[in-house]
file target27.txt (compact mmCIF, N, CA and C atoms)
# COMPACT_ATOMS: atom_id res chain seq x y z
N MET A 6 227.59 -91.70 -190.08
CA MET A 6 226.39 -92.45 -190.35
C MET A 6 226.42 -93.71 -189.48
N ILE A 7 225.32 -93.94 -188.78
CA ILE A 7 225.23 -95.10 -187.89
C ILE A 7 224.06 -95.96 -188.33
N SER A 8 224.33 -97.25 -188.49
CA SER A 8 223.29 -98.23 -188.76
C SER A 8 223.29 -99.22 -187.62
N ASP A 9 222.18 -99.28 -186.89
CA ASP A 9 222.04 -100.19 -185.76
C ASP A 9 221.08 -101.31 -186.11
N ARG A 10 221.44 -102.51 -185.71
CA ARG A 10 220.58 -103.68 -185.86
C ARG A 10 220.32 -104.20 -184.44
N TYR A 11 219.08 -104.09 -183.98
CA TYR A 11 218.70 -104.60 -182.67
C TYR A 11 218.26 -106.04 -182.85
N VAL A 12 219.12 -106.97 -182.38
CA VAL A 12 218.92 -108.40 -182.63
C VAL A 12 217.66 -108.87 -181.91
N THR A 13 216.75 -109.42 -182.68
CA THR A 13 215.44 -109.86 -182.19
C THR A 13 215.57 -110.80 -181.00
N GLY A 14 214.81 -110.52 -179.92
CA GLY A 14 214.75 -111.38 -178.75
C GLY A 14 215.94 -111.28 -177.81
N THR A 15 216.79 -110.25 -178.01
CA THR A 15 217.98 -110.10 -177.17
C THR A 15 218.12 -108.65 -176.70
N ARG A 16 219.16 -108.42 -175.90
CA ARG A 16 219.54 -107.05 -175.51
C ARG A 16 220.76 -106.61 -176.30
N LEU A 17 220.96 -107.20 -177.48
CA LEU A 17 222.15 -106.94 -178.27
C LEU A 17 221.87 -105.97 -179.41
N ARG A 18 222.85 -105.10 -179.63
CA ARG A 18 222.78 -104.16 -180.75
C ARG A 18 224.06 -104.31 -181.57
N LEU A 19 223.88 -104.51 -182.86
CA LEU A 19 224.99 -104.58 -183.79
C LEU A 19 225.09 -103.23 -184.49
N ARG A 20 226.24 -102.60 -184.42
CA ARG A 20 226.38 -101.24 -184.96
C ARG A 20 227.47 -101.18 -186.02
N ARG A 21 227.13 -100.46 -187.09
CA ARG A 21 228.11 -100.08 -188.10
C ARG A 21 228.14 -98.56 -188.12
N ALA A 22 229.30 -97.99 -187.82
CA ALA A 22 229.47 -96.54 -187.83
C ALA A 22 230.48 -96.19 -188.92
N ASP A 23 230.02 -95.43 -189.90
CA ASP A 23 230.88 -94.96 -190.99
C ASP A 23 231.21 -93.49 -190.74
N PHE A 24 232.50 -93.19 -190.61
CA PHE A 24 232.96 -91.85 -190.28
C PHE A 24 233.31 -91.07 -191.54
N SER A 25 233.28 -89.75 -191.43
CA SER A 25 233.54 -88.88 -192.58
C SER A 25 234.97 -89.03 -193.12
N ASP A 26 235.89 -89.55 -192.29
CA ASP A 26 237.27 -89.73 -192.76
C ASP A 26 237.49 -91.09 -193.43
N GLY A 27 236.41 -91.85 -193.62
CA GLY A 27 236.51 -93.14 -194.29
C GLY A 27 236.63 -94.34 -193.36
N ARG A 28 236.84 -94.09 -192.08
CA ARG A 28 236.91 -95.21 -191.13
C ARG A 28 235.55 -95.86 -190.98
N CYS A 29 235.57 -97.12 -190.59
CA CYS A 29 234.34 -97.86 -190.30
C CYS A 29 234.56 -98.61 -188.99
N GLU A 30 233.60 -98.48 -188.08
CA GLU A 30 233.69 -99.17 -186.80
C GLU A 30 232.52 -100.15 -186.71
N LEU A 31 232.84 -101.39 -186.38
CA LEU A 31 231.84 -102.45 -186.27
C LEU A 31 231.87 -102.97 -184.84
N LYS A 32 230.72 -102.99 -184.18
CA LYS A 32 230.74 -103.49 -182.81
C LYS A 32 229.40 -104.09 -182.41
N LEU A 33 229.49 -104.99 -181.45
CA LEU A 33 228.33 -105.62 -180.83
C LEU A 33 228.25 -105.08 -179.42
N THR A 34 227.07 -104.59 -179.05
CA THR A 34 226.89 -103.96 -177.74
C THR A 34 225.74 -104.63 -177.00
N GLN A 35 225.94 -104.84 -175.71
CA GLN A 35 224.85 -105.26 -174.83
C GLN A 35 224.68 -104.17 -173.78
N LYS A 36 223.43 -103.70 -173.63
CA LYS A 36 223.12 -102.70 -172.61
C LYS A 36 222.15 -103.32 -171.62
N VAL A 37 222.55 -103.32 -170.36
CA VAL A 37 221.70 -103.83 -169.30
C VAL A 37 221.34 -102.64 -168.42
N PRO A 38 220.06 -102.23 -168.45
CA PRO A 38 219.67 -101.05 -167.67
C PRO A 38 219.75 -101.31 -166.17
N ILE A 39 219.94 -100.22 -165.42
CA ILE A 39 219.86 -100.28 -163.97
C ILE A 39 218.69 -99.42 -163.54
N SER A 40 218.14 -99.73 -162.40
CA SER A 40 216.94 -98.99 -161.96
C SER A 40 217.31 -97.82 -161.08
N GLN A 41 217.92 -96.81 -161.70
CA GLN A 41 218.24 -95.56 -161.02
C GLN A 41 217.76 -94.42 -161.90
N PRO A 42 217.12 -93.41 -161.30
CA PRO A 42 216.68 -92.28 -162.11
C PRO A 42 217.87 -91.41 -162.51
N GLY A 43 217.65 -90.59 -163.52
CA GLY A 43 218.66 -89.64 -163.94
C GLY A 43 219.58 -90.21 -164.99
N ALA A 44 220.70 -89.54 -165.16
CA ALA A 44 221.61 -89.83 -166.26
C ALA A 44 222.63 -90.91 -165.92
N ILE A 45 222.30 -91.80 -165.00
CA ILE A 45 223.23 -92.85 -164.62
C ILE A 45 223.08 -94.00 -165.62
N GLN A 46 224.18 -94.36 -166.28
CA GLN A 46 224.11 -95.42 -167.27
C GLN A 46 224.04 -96.78 -166.61
N GLY A 47 223.48 -97.71 -167.36
CA GLY A 47 223.48 -99.11 -166.92
C GLY A 47 224.82 -99.74 -167.27
N LEU A 48 224.81 -101.06 -167.33
CA LEU A 48 226.02 -101.79 -167.68
C LEU A 48 226.10 -101.93 -169.19
N ILE A 49 227.21 -101.51 -169.77
CA ILE A 49 227.39 -101.54 -171.21
C ILE A 49 228.65 -102.34 -171.54
N THR A 50 228.49 -103.32 -172.42
CA THR A 50 229.62 -104.12 -172.88
C THR A 50 229.73 -103.98 -174.39
N ASN A 51 230.89 -103.58 -174.87
CA ASN A 51 231.16 -103.46 -176.31
C ASN A 51 232.20 -104.49 -176.73
N THR A 52 231.95 -105.12 -177.86
CA THR A 52 232.92 -106.01 -178.49
C THR A 52 233.14 -105.51 -179.90
N TYR A 53 234.37 -105.16 -180.23
CA TYR A 53 234.69 -104.67 -181.57
C TYR A 53 234.90 -105.86 -182.49
N LEU A 54 234.35 -105.76 -183.70
CA LEU A 54 234.28 -106.90 -184.61
C LEU A 54 235.06 -106.66 -185.90
N SER A 55 235.50 -107.76 -186.49
CA SER A 55 236.07 -107.72 -187.84
C SER A 55 234.89 -107.72 -188.81
N PRO A 56 235.12 -107.36 -190.08
CA PRO A 56 234.02 -107.43 -191.06
C PRO A 56 233.38 -108.81 -191.15
N ALA A 57 234.18 -109.87 -191.08
CA ALA A 57 233.63 -111.23 -191.16
C ALA A 57 232.75 -111.53 -189.94
N GLU A 58 233.21 -111.11 -188.75
CA GLU A 58 232.40 -111.32 -187.54
C GLU A 58 231.10 -110.52 -187.62
N TYR A 59 231.19 -109.28 -188.10
CA TYR A 59 230.00 -108.45 -188.27
C TYR A 59 228.99 -109.14 -189.18
N ASP A 60 229.46 -109.68 -190.28
CA ASP A 60 228.56 -110.34 -191.24
C ASP A 60 227.82 -111.52 -190.62
N VAL A 61 228.48 -112.27 -189.73
CA VAL A 61 227.82 -113.38 -189.05
C VAL A 61 226.64 -112.86 -188.22
N PHE A 62 226.87 -111.83 -187.41
CA PHE A 62 225.80 -111.28 -186.58
C PHE A 62 224.74 -110.58 -187.42
N ALA A 63 225.14 -109.95 -188.53
CA ALA A 63 224.19 -109.24 -189.39
C ALA A 63 223.20 -110.20 -190.05
N SER A 64 223.50 -111.49 -190.06
CA SER A 64 222.57 -112.46 -190.64
C SER A 64 221.42 -112.81 -189.70
N LEU A 65 221.52 -112.40 -188.44
CA LEU A 65 220.45 -112.67 -187.47
C LEU A 65 219.27 -111.74 -187.68
N PRO A 66 218.05 -112.20 -187.37
CA PRO A 66 216.89 -111.30 -187.49
C PRO A 66 217.04 -110.10 -186.55
N ALA A 67 216.72 -108.91 -187.06
CA ALA A 67 216.93 -107.69 -186.28
C ALA A 67 216.02 -106.58 -186.78
N ALA A 68 215.75 -105.63 -185.89
CA ALA A 68 215.05 -104.39 -186.26
C ALA A 68 216.12 -103.35 -186.56
N LEU A 69 215.90 -102.55 -187.60
CA LEU A 69 216.92 -101.61 -188.08
C LEU A 69 216.61 -100.17 -187.70
N LEU A 70 217.66 -99.44 -187.36
CA LEU A 70 217.55 -98.02 -187.01
C LEU A 70 218.76 -97.32 -187.62
N SER A 71 218.53 -96.20 -188.32
CA SER A 71 219.66 -95.47 -188.89
C SER A 71 219.59 -94.00 -188.51
N LYS A 72 220.77 -93.43 -188.36
CA LYS A 72 220.86 -92.03 -187.94
C LYS A 72 222.22 -91.47 -188.33
N THR A 73 222.29 -90.16 -188.32
CA THR A 73 223.56 -89.48 -188.50
C THR A 73 223.90 -88.81 -187.18
N ARG A 74 225.12 -89.01 -186.71
CA ARG A 74 225.55 -88.42 -185.44
C ARG A 74 226.53 -87.29 -185.71
N PHE A 75 226.25 -86.16 -185.06
CA PHE A 75 227.13 -85.00 -185.14
C PHE A 75 227.72 -84.75 -183.76
N SER A 76 228.98 -84.35 -183.71
CA SER A 76 229.63 -84.02 -182.45
C SER A 76 229.52 -82.52 -182.24
N VAL A 77 228.79 -82.15 -181.17
CA VAL A 77 228.63 -80.76 -180.78
C VAL A 77 228.94 -80.72 -179.28
N PRO A 78 230.25 -80.75 -178.94
CA PRO A 78 230.64 -80.90 -177.52
C PRO A 78 229.88 -79.95 -176.59
N PRO A 79 229.41 -80.48 -175.48
CA PRO A 79 229.66 -81.82 -174.96
C PRO A 79 228.65 -82.86 -175.44
N LEU A 80 227.92 -82.57 -176.49
CA LEU A 80 226.84 -83.45 -176.92
C LEU A 80 227.18 -84.23 -178.19
N GLY A 81 226.57 -85.40 -178.29
CA GLY A 81 226.46 -86.13 -179.54
C GLY A 81 225.03 -85.91 -179.99
N VAL A 82 224.81 -85.41 -181.18
CA VAL A 82 223.47 -85.09 -181.67
C VAL A 82 223.11 -86.08 -182.77
N ASP A 83 222.04 -86.85 -182.55
CA ASP A 83 221.58 -87.85 -183.50
C ASP A 83 220.39 -87.34 -184.28
N VAL A 84 220.48 -87.41 -185.60
CA VAL A 84 219.40 -87.03 -186.51
C VAL A 84 218.96 -88.33 -187.17
N PHE A 85 217.71 -88.73 -186.90
CA PHE A 85 217.22 -90.04 -187.32
C PHE A 85 216.68 -90.03 -188.74
N ASP A 86 216.75 -91.21 -189.36
CA ASP A 86 216.25 -91.44 -190.71
C ASP A 86 215.03 -92.37 -190.63
N GLY A 87 214.50 -92.72 -191.79
CA GLY A 87 213.42 -93.71 -191.88
C GLY A 87 212.16 -93.24 -191.19
N HIS A 88 211.49 -94.16 -190.49
CA HIS A 88 210.22 -93.83 -189.85
C HIS A 88 210.37 -92.82 -188.71
N LEU A 89 211.60 -92.58 -188.28
CA LEU A 89 211.86 -91.59 -187.22
C LEU A 89 212.40 -90.28 -187.80
N GLN A 90 212.33 -90.13 -189.11
CA GLN A 90 212.88 -88.94 -189.76
C GLN A 90 212.32 -87.67 -189.12
N GLY A 91 213.24 -86.76 -188.81
CA GLY A 91 212.87 -85.50 -188.16
C GLY A 91 213.15 -85.50 -186.67
N LEU A 92 213.28 -86.69 -186.06
CA LEU A 92 213.60 -86.76 -184.64
C LEU A 92 215.09 -86.45 -184.46
N VAL A 93 215.38 -85.55 -183.52
CA VAL A 93 216.75 -85.18 -183.20
C VAL A 93 216.90 -85.34 -181.68
N LEU A 94 217.86 -86.17 -181.28
CA LEU A 94 218.15 -86.38 -179.86
C LEU A 94 219.60 -86.03 -179.60
N ALA A 95 219.84 -85.37 -178.49
CA ALA A 95 221.20 -85.04 -178.07
C ALA A 95 221.52 -85.81 -176.80
N GLU A 96 222.74 -86.29 -176.72
CA GLU A 96 223.16 -87.07 -175.56
C GLU A 96 224.54 -86.61 -175.13
N ALA A 97 224.71 -86.48 -173.83
CA ALA A 97 226.02 -86.14 -173.28
C ALA A 97 226.54 -87.35 -172.51
N GLU A 98 227.83 -87.58 -172.60
CA GLU A 98 228.45 -88.67 -171.84
C GLU A 98 229.45 -88.08 -170.86
N PHE A 99 229.54 -88.72 -169.70
CA PHE A 99 230.36 -88.20 -168.62
C PHE A 99 231.23 -89.30 -168.06
N THR A 100 232.33 -88.90 -167.41
CA THR A 100 233.23 -89.88 -166.81
C THR A 100 232.85 -90.20 -165.37
N THR A 101 232.06 -89.32 -164.72
CA THR A 101 231.65 -89.58 -163.35
C THR A 101 230.15 -89.31 -163.19
N ASP A 102 229.56 -89.92 -162.19
CA ASP A 102 228.14 -89.68 -161.89
C ASP A 102 227.91 -88.23 -161.49
N ASP A 103 228.87 -87.62 -160.76
CA ASP A 103 228.73 -86.21 -160.35
C ASP A 103 228.65 -85.29 -161.57
N GLU A 104 229.49 -85.54 -162.58
CA GLU A 104 229.43 -84.74 -163.80
C GLU A 104 228.06 -84.86 -164.46
N ALA A 105 227.55 -86.08 -164.52
CA ALA A 105 226.25 -86.32 -165.16
C ALA A 105 225.14 -85.58 -164.42
N GLN A 106 225.16 -85.63 -163.10
CA GLN A 106 224.09 -85.02 -162.32
C GLN A 106 224.16 -83.51 -162.30
N SER A 107 225.33 -82.93 -162.57
CA SER A 107 225.46 -81.47 -162.55
C SER A 107 225.31 -80.85 -163.95
N PHE A 108 225.12 -81.69 -164.97
CA PHE A 108 225.00 -81.19 -166.35
C PHE A 108 223.72 -80.38 -166.54
N VAL A 109 223.86 -79.23 -167.18
CA VAL A 109 222.71 -78.39 -167.52
C VAL A 109 222.63 -78.35 -169.05
N PRO A 110 221.51 -78.84 -169.63
CA PRO A 110 221.40 -78.86 -171.09
C PRO A 110 221.47 -77.45 -171.67
N PRO A 111 222.03 -77.32 -172.88
CA PRO A 111 222.08 -76.01 -173.55
C PRO A 111 220.69 -75.46 -173.80
N ALA A 112 220.60 -74.16 -173.98
CA ALA A 112 219.31 -73.49 -174.15
C ALA A 112 218.50 -74.01 -175.32
N GLY A 113 219.14 -74.50 -176.38
CA GLY A 113 218.42 -74.97 -177.56
C GLY A 113 217.70 -76.29 -177.38
N CYS A 114 217.94 -76.98 -176.28
CA CYS A 114 217.26 -78.26 -176.03
C CYS A 114 215.81 -77.98 -175.62
N VAL A 115 214.87 -78.67 -176.26
CA VAL A 115 213.46 -78.35 -176.04
C VAL A 115 212.75 -79.30 -175.09
N ALA A 116 213.31 -80.48 -174.82
CA ALA A 116 212.67 -81.42 -173.89
C ALA A 116 213.75 -82.30 -173.27
N GLU A 117 213.58 -82.60 -172.00
CA GLU A 117 214.50 -83.48 -171.28
C GLU A 117 213.87 -84.88 -171.24
N VAL A 118 214.51 -85.86 -171.89
CA VAL A 118 213.94 -87.20 -171.96
C VAL A 118 214.84 -88.26 -171.32
N THR A 119 215.79 -87.82 -170.51
CA THR A 119 216.74 -88.75 -169.90
C THR A 119 216.05 -89.91 -169.20
N ASP A 120 215.01 -89.64 -168.44
CA ASP A 120 214.35 -90.70 -167.66
C ASP A 120 213.23 -91.39 -168.44
N ASP A 121 213.05 -91.07 -169.70
CA ASP A 121 211.98 -91.64 -170.50
C ASP A 121 212.56 -92.74 -171.39
N THR A 122 212.39 -93.99 -170.98
CA THR A 122 212.99 -95.11 -171.70
C THR A 122 212.43 -95.28 -173.12
N ARG A 123 211.33 -94.61 -173.42
CA ARG A 123 210.79 -94.68 -174.77
C ARG A 123 211.75 -94.08 -175.79
N PHE A 124 212.65 -93.21 -175.35
CA PHE A 124 213.58 -92.54 -176.25
C PHE A 124 214.95 -93.22 -176.32
N THR A 125 215.01 -94.48 -175.89
CA THR A 125 216.23 -95.28 -176.07
C THR A 125 216.14 -95.97 -177.43
N GLY A 126 217.29 -96.26 -178.01
CA GLY A 126 217.31 -96.89 -179.32
C GLY A 126 216.52 -98.18 -179.38
N GLY A 127 216.65 -99.01 -178.33
CA GLY A 127 215.95 -100.29 -178.30
C GLY A 127 214.45 -100.15 -178.33
N CYS A 128 213.94 -99.06 -177.82
CA CYS A 128 212.50 -98.80 -177.85
C CYS A 128 212.11 -98.07 -179.14
N LEU A 129 212.89 -97.08 -179.53
CA LEU A 129 212.58 -96.31 -180.74
C LEU A 129 212.52 -97.19 -181.98
N VAL A 130 213.39 -98.20 -182.04
CA VAL A 130 213.44 -99.05 -183.22
C VAL A 130 212.13 -99.82 -183.42
N GLN A 131 211.36 -99.99 -182.35
CA GLN A 131 210.12 -100.76 -182.42
C GLN A 131 208.87 -99.89 -182.48
N THR A 132 209.01 -98.59 -182.37
CA THR A 132 207.84 -97.72 -182.31
C THR A 132 207.41 -97.27 -183.71
N SER A 133 206.15 -96.97 -183.83
CA SER A 133 205.64 -96.42 -185.09
C SER A 133 205.77 -94.90 -185.07
N ARG A 134 205.67 -94.31 -186.21
CA ARG A 134 205.70 -92.83 -186.29
C ARG A 134 204.54 -92.25 -185.50
N HIS A 135 203.37 -92.87 -185.58
CA HIS A 135 202.19 -92.40 -184.85
C HIS A 135 202.45 -92.39 -183.34
N GLU A 136 203.05 -93.47 -182.83
CA GLU A 136 203.39 -93.53 -181.40
C GLU A 136 204.39 -92.43 -181.04
N LEU A 137 205.40 -92.27 -181.88
CA LEU A 137 206.41 -91.24 -181.62
C LEU A 137 205.77 -89.87 -181.52
N LEU A 138 204.88 -89.54 -182.45
CA LEU A 138 204.22 -88.23 -182.41
C LEU A 138 203.41 -88.06 -181.13
N GLY A 139 202.79 -89.13 -180.66
CA GLY A 139 202.07 -89.08 -179.38
C GLY A 139 202.99 -88.81 -178.22
N TRP A 140 204.15 -89.45 -178.20
CA TRP A 140 205.12 -89.22 -177.13
C TRP A 140 205.61 -87.78 -177.14
N LEU A 141 205.90 -87.28 -178.33
CA LEU A 141 206.37 -85.89 -178.44
C LEU A 141 205.29 -84.91 -177.98
N ALA A 142 204.04 -85.22 -178.27
CA ALA A 142 202.94 -84.36 -177.84
C ALA A 142 202.88 -84.26 -176.32
N GLU A 143 203.24 -85.33 -175.62
CA GLU A 143 203.28 -85.30 -174.15
C GLU A 143 204.28 -84.27 -173.64
N TYR A 144 205.26 -83.93 -174.46
CA TYR A 144 206.25 -82.90 -174.12
C TYR A 144 205.88 -81.54 -174.73
N GLY A 145 204.68 -81.44 -175.29
CA GLY A 145 204.24 -80.18 -175.88
C GLY A 145 204.82 -79.94 -177.25
N LEU A 146 205.34 -80.98 -177.88
CA LEU A 146 205.95 -80.85 -179.20
C LEU A 146 205.01 -81.44 -180.26
N HIS A 147 204.77 -80.69 -181.30
CA HIS A 147 203.85 -81.11 -182.38
C HIS A 147 204.52 -80.85 -183.73
N PRO A 148 205.52 -81.66 -184.09
CA PRO A 148 206.32 -81.36 -185.28
C PRO A 148 205.54 -81.34 -186.59
N GLU A 149 204.49 -82.12 -186.74
CA GLU A 149 203.77 -82.15 -188.00
C GLU A 149 202.69 -81.09 -188.06
N ALA A 150 202.49 -80.34 -186.97
CA ALA A 150 201.48 -79.29 -186.93
C ALA A 150 202.02 -77.97 -187.50
N THR A 151 203.35 -77.93 -187.75
CA THR A 151 203.94 -76.68 -188.24
C THR A 151 204.07 -76.65 -189.74

call {"tool": "encode", "arguments": {"input": "target27.txt", "output": "structure tokens"}}
result
Amino acid sequence: MISDRYVTGTRLRLRRADFSDGRCELKLTQKVPISQPGAIQGLITNTYLSPAEYDVFASLPAALLSKTRFSVPPLGVDVFDGHLQGLVLAEAEFTTDDEAQSFVPPAGCVAEVTDDTRFTGGCLVQTSRHELLGWLAEYGLHPEAT
């Protein structure tokens, strides 16, 4: 279970990840995008926090996003809750740019959104369900029509 707090007015994300084995991971992340197409990541900085440090940052105004992440190698599959309930995104991570560019999504993937910044957490946390359904329709997906 992942609870993300996107700190208002910043590029910072505060994350609490609760694992099925009882572990809890608390971290502050800054993501700075780069202007390259494809699966090339931007600059990402993670700082792991103590519970007391987490509580200090959790007191800041933030937009909330929650999801459950499943490991389906080579993918991490996120199933969203709240206003994004029903949205499922899969993400693969690679150690080299060549690996990322040669990746072929599994047959069950229905839309490729790598280059669509609307499907990043920082954007999704601010979107309405109505907007999300419009974006999905652009990919030929109509989840509430079924």

call {"tool": "closest_residue", "arguments": {"input": "target27.txt", "among": "A:Cys29, A:Ala97, A:Glu117, A:Ala63", "to": "Tyr144 (chain A)", "atoms": "all atoms listed in the file"}}
result
A:Glu117

call {"tool": "residues_around", "arguments": {"input": "target27.txt", "residues": "region 50-56 of chain A", "least_positions_apart": "2", "cutoff": "5 Å", "atoms": "only N, CA and C atoms", "output": "count of residues only"}}
result
9

call {"tool": "closest_residue", "arguments": {"input": "target27.txt", "among": "A:Leu94, A:Leu80, A:Ala68, A:Leu146", "to": "Gln131 (chain A)", "atoms": "all atoms listed in the file"}}
result
A:Ala68

call {"tool": "residues_around", "arguments": {"input": "target27.txt", "residues": "Gly81 (chain A)", "least_positions_apart": "5", "cutoff": "6 Å", "atoms": "only C-alpha atoms", "output": "PDB file with N, CA and C atoms, in the coordinates of the input"}}
result
ATOM      1  N   PHE A  75     226.250 -86.160-185.060  1.00  0.00           N
ATOM      2  CA  PHE A  75     227.130 -85.000-185.140  1.00  0.00           C
ATOM      3  C   PHE A  75     227.720 -84.750-183.760  1.00  0.00           C
ATOM      4  N   SER A  76     228.980 -84.350-183.710  1.00  0.00           N
ATOM      5  CA  SER A  76     229.630 -84.020-182.450  1.00  0.00           C
ATOM      6  C   SER A  76     229.520 -82.520-182.240  1.00  0.00           C
ATOM      7  N   ALA A  95     219.840 -85.370-178.490  1.00  0.00           N
ATOM      8  CA  ALA A  95     221.200 -85.040-178.070  1.00  0.00           C
ATOM      9  C   ALA A  95     221.520 -85.810-176.800  1.00  0.00           C
ATOM     10  N   GLU A  96     222.740 -86.290-176.720  1.00  0.00           N
ATOM     11  CA  GLU A  96     223.160 -87.070-175.560  1.00  0.00           C
ATOM     12  C   GLU A  96     224.540 -86.610-175.130  1.00  0.00           C
TER      13      GLU A  96
END

call {"tool": "residues_around", "arguments": {"input": "target27.txt", "residues": "region 19-28 of chain A", "least_positions_apart": "6", "cutoff": "6.5 Å", "atoms": "only N, CA and C atoms", "output": "PyMOL selection string"}}
result
chain A and resi 6-12+34

call {"tool": "write_last_selection", "arguments": {"input": "target27.txt", "atoms": "N, CA and C atoms", "output": "PDB file, keeping the file's coordinate frame"}}
result
ATOM      1  N   MET A   6     227.590 -91.700-190.080  1.00  0.00           N
ATOM      2  CA  MET A   6     226.390 -92.450-190.350  1.00  0.00           C
ATOM      3  C   MET A   6     226.420 -93.710-189.480  1.00  0.00           C
ATOM      4  N   ILE A   7     225.320 -93.940-188.780  1.00  0.00           N
ATOM      5  CA  ILE A   7     225.230 -95.100-187.890  1.00  0.00           C
ATOM      6  C   ILE A   7     224.060 -95.960-188.330  1.00  0.00           C
ATOM      7  N   SER A   8     224.330 -97.250-188.490  1.00  0.00           N
ATOM      8  CA  SER A   8     223.290 -98.230-188.760  1.00  0.00           C
ATOM      9  C   SER A   8     223.290 -99.220-187.620  1.00  0.00           C
ATOM     10  N   ASP A   9     222.180 -99.280-186.890  1.00  0.00           N
ATOM     11  CA  ASP A   9     222.040-100.190-185.760  1.00  0.00           C
ATOM     12  C   ASP A   9     221.080-101.310-186.110  1.00  0.00           C
ATOM     13  N   ARG A  10     221.440-102.510-185.710  1.00  0.00           N
ATOM     14  CA  ARG A  10     220.580-103.680-185.860  1.00  0.00           C
ATOM     15  C   ARG A  10     220.320-104.200-184.440  1.00  0.00           C
ATOM     16  N   TYR A  11     219.080-104.090-183.980  1.00  0.00           N
ATOM     17  CA  TYR A  11     218.700-104.600-182.670  1.00  0.00           C
ATOM     18  C   TYR A  11     218.260-106.040-182.850  1.00  0.00           C
ATOM     19  N   VAL A  12     219.120-106.970-182.380  1.00  0.00           N
ATOM     20  CA  VAL A  12     218.920-108.400-182.630  1.00  0.00           C
ATOM     21  C   VAL A  12     217.660-108.870-181.910  1.00  0.00           C
ATOM     22  N   THR A  34     227.070-104.590-179.050  1.00  0.00           N
ATOM     23  CA  THR A  34     226.890-103.960-177.740  1.00  0.00           C
ATOM     24  C   THR A  34     225.740-104.630-177.000  1.00  0.00           C
TER      25      THR A  34
END

call {"tool": "residues_near_point", "arguments": {"input": "target27.txt", "point": "(231.8, -82.9, -170.4)", "cutoff": "6 Å", "atoms": "all atoms listed in the file", "output": "number ranges by chain"}}
result
A: 79, 98-99

call {"tool": "closest_residue", "arguments": {"input": "target27.txt", "among": "A:Thr13, A:Ser133, A:Gln106, A:Ser40", "to": "Leu89 (chain A)", "atoms": "only C-alpha atoms"}}
result
A:Ser133

call {"tool": "select_by_dssp", "arguments": {"input": "target27.txt", "residues": "region 58-142 of chain A", "states": "strand (DSSP E)", "output": "VMD selection string"}}
result
chain A and resid 67 to 77 80 to 85 93 to 97

call {"tool": "write_last_selection", "arguments": {"input": "target27.txt", "atoms": "N, CA and C atoms", "output": "compact mmCIF listing (two decimals), in the frame of the given file"}}
result
# COMPACT_ATOMS: atom_id res chain seq x y z
N ALA A 67 216.72 -108.91 -187.06
CA ALA A 67 216.93 -107.69 -186.28
C ALA A 67 216.02 -106.58 -186.78
N ALA A 68 215.75 -105.63 -185.89
CA ALA A 68 215.05 -104.39 -186.26
C ALA A 68 216.12 -103.35 -186.56
N LEU A 69 215.90 -102.55 -187.60
CA LEU A 69 216.92 -101.61 -188.08
C LEU A 69 216.61 -100.17 -187.70
N LEU A 70 217.66 -99.44 -187.36
CA LEU A 70 217.55 -98.02 -187.01
C LEU A 70 218.76 -97.32 -187.62
N SER A 71 218.53 -96.20 -188.32
CA SER A 71 219.66 -95.47 -188.89
C SER A 71 219.59 -94.00 -188.51
N LYS A 72 220.77 -93.43 -188.36
CA LYS A 72 220.86 -92.03 -187.94
C LYS A 72 222.22 -91.47 -188.33
N THR A 73 222.29 -90.16 -188.32
CA THR A 73 223.56 -89.48 -188.50
C THR A 73 223.90 -88.81 -187.18
N ARG A 74 225.12 -89.01 -186.71
CA ARG A 74 225.55 -88.42 -185.44
C ARG A 74 226.53 -87.29 -185.71
N PHE A 75 226.25 -86.16 -185.06
CA PHE A 75 227.13 -85.00 -185.14
C PHE A 75 227.72 -84.75 -183.76
N SER A 76 228.98 -84.35 -183.71
CA SER A 76 229.63 -84.02 -182.45
C SER A 76 229.52 -82.52 -182.24
N VAL A 77 228.79 -82.15 -181.17
CA VAL A 77 228.63 -80.76 -180.78
C VAL A 77 228.94 -80.72 -179.28
N LEU A 80 227.92 -82.57 -176.49
CA LEU A 80 226.84 -83.45 -176.92
C LEU A 80 227.18 -84.23 -178.19
N GLY A 81 226.57 -85.40 -178.29
CA GLY A 81 226.46 -86.13 -179.54
C GLY A 81 225.03 -85.91 -179.99
N VAL A 82 224.81 -85.41 -181.18
CA VAL A 82 223.47 -85.09 -181.67
C VAL A 82 223.11 -86.08 -182.77
N ASP A 83 222.04 -86.85 -182.55
CA ASP A 83 221.58 -87.85 -183.50
C ASP A 83 220.39 -87.34 -184.28
N VAL A 84 220.48 -87.41 -185.60
CA VAL A 84 219.40 -87.03 -186.51
C VAL A 84 218.96 -88.33 -187.17
N PHE A 85 217.71 -88.73 -186.90
CA PHE A 85 217.22 -90.04 -187.32
C PHE A 85 216.68 -90.03 -188.74
N VAL A 93 215.38 -85.55 -183.52
CA VAL A 93 216.75 -85.18 -183.20
C VAL A 93 216.90 -85.34 -181.68
N LEU A 94 217.86 -86.17 -181.28
CA LEU A 94 218.15 -86.38 -179.86
C LEU A 94 219.60 -86.03 -179.60
N ALA A 95 219.84 -85.37 -178.49
CA ALA A 95 221.20 -85.04 -178.07
C ALA A 95 221.52 -85.81 -176.80
N GLU A 96 222.74 -86.29 -176.72
CA GLU A 96 223.16 -87.07 -175.56
C GLU A 96 224.54 -86.61 -175.13
N ALA A 97 224.71 -86.48 -173.83
CA ALA A 97 226.02 -86.14 -173.28
C ALA A 97 226.54 -87.35 -172.51

call {"tool": "atom_distance", "arguments": {"input": "target27.txt", "atom1": "CA of Ile39 (chain A)", "atom2": "atom N of Thr122 (chain A)"}}
result
12.0 Å

call {"tool": "atom_distance", "arguments": {"input": "target27.txt", "atom1": "CA of Ser64 (chain A)", "atom2": "CA of Arg18 (chain A)"}}
result
12.9 Å

call {"tool": "atom_distance", "arguments": {"input": "target27.txt", "atom1": "CA of Asp83 (chain A)", "atom2": "atom N of Ser71 (chain A)"}}
result
10.1 Å

call {"tool": "select_by_dssp", "arguments": {"input": "target27.txt", "residues": "chain A", "states": "alpha helix (DSSP H)", "output": "list of chain:residue names"}}
result
A:Pro56, A:Ala57, A:Glu58, A:Tyr59, A:Asp60, A:Val61, A:Phe62, A:Ala63, A:Asp102, A:Asp103, A:Glu104, A:Ala105, A:Gln106, A:Ser107, A:Gly126, A:Gly127, A:Cys128, A:Leu129, A:Arg134, A:His135, A:Glu136, A:Leu137, A:Leu138, A:Gly139, A:Trp140, A:Leu141, A:Ala142, A:Glu143
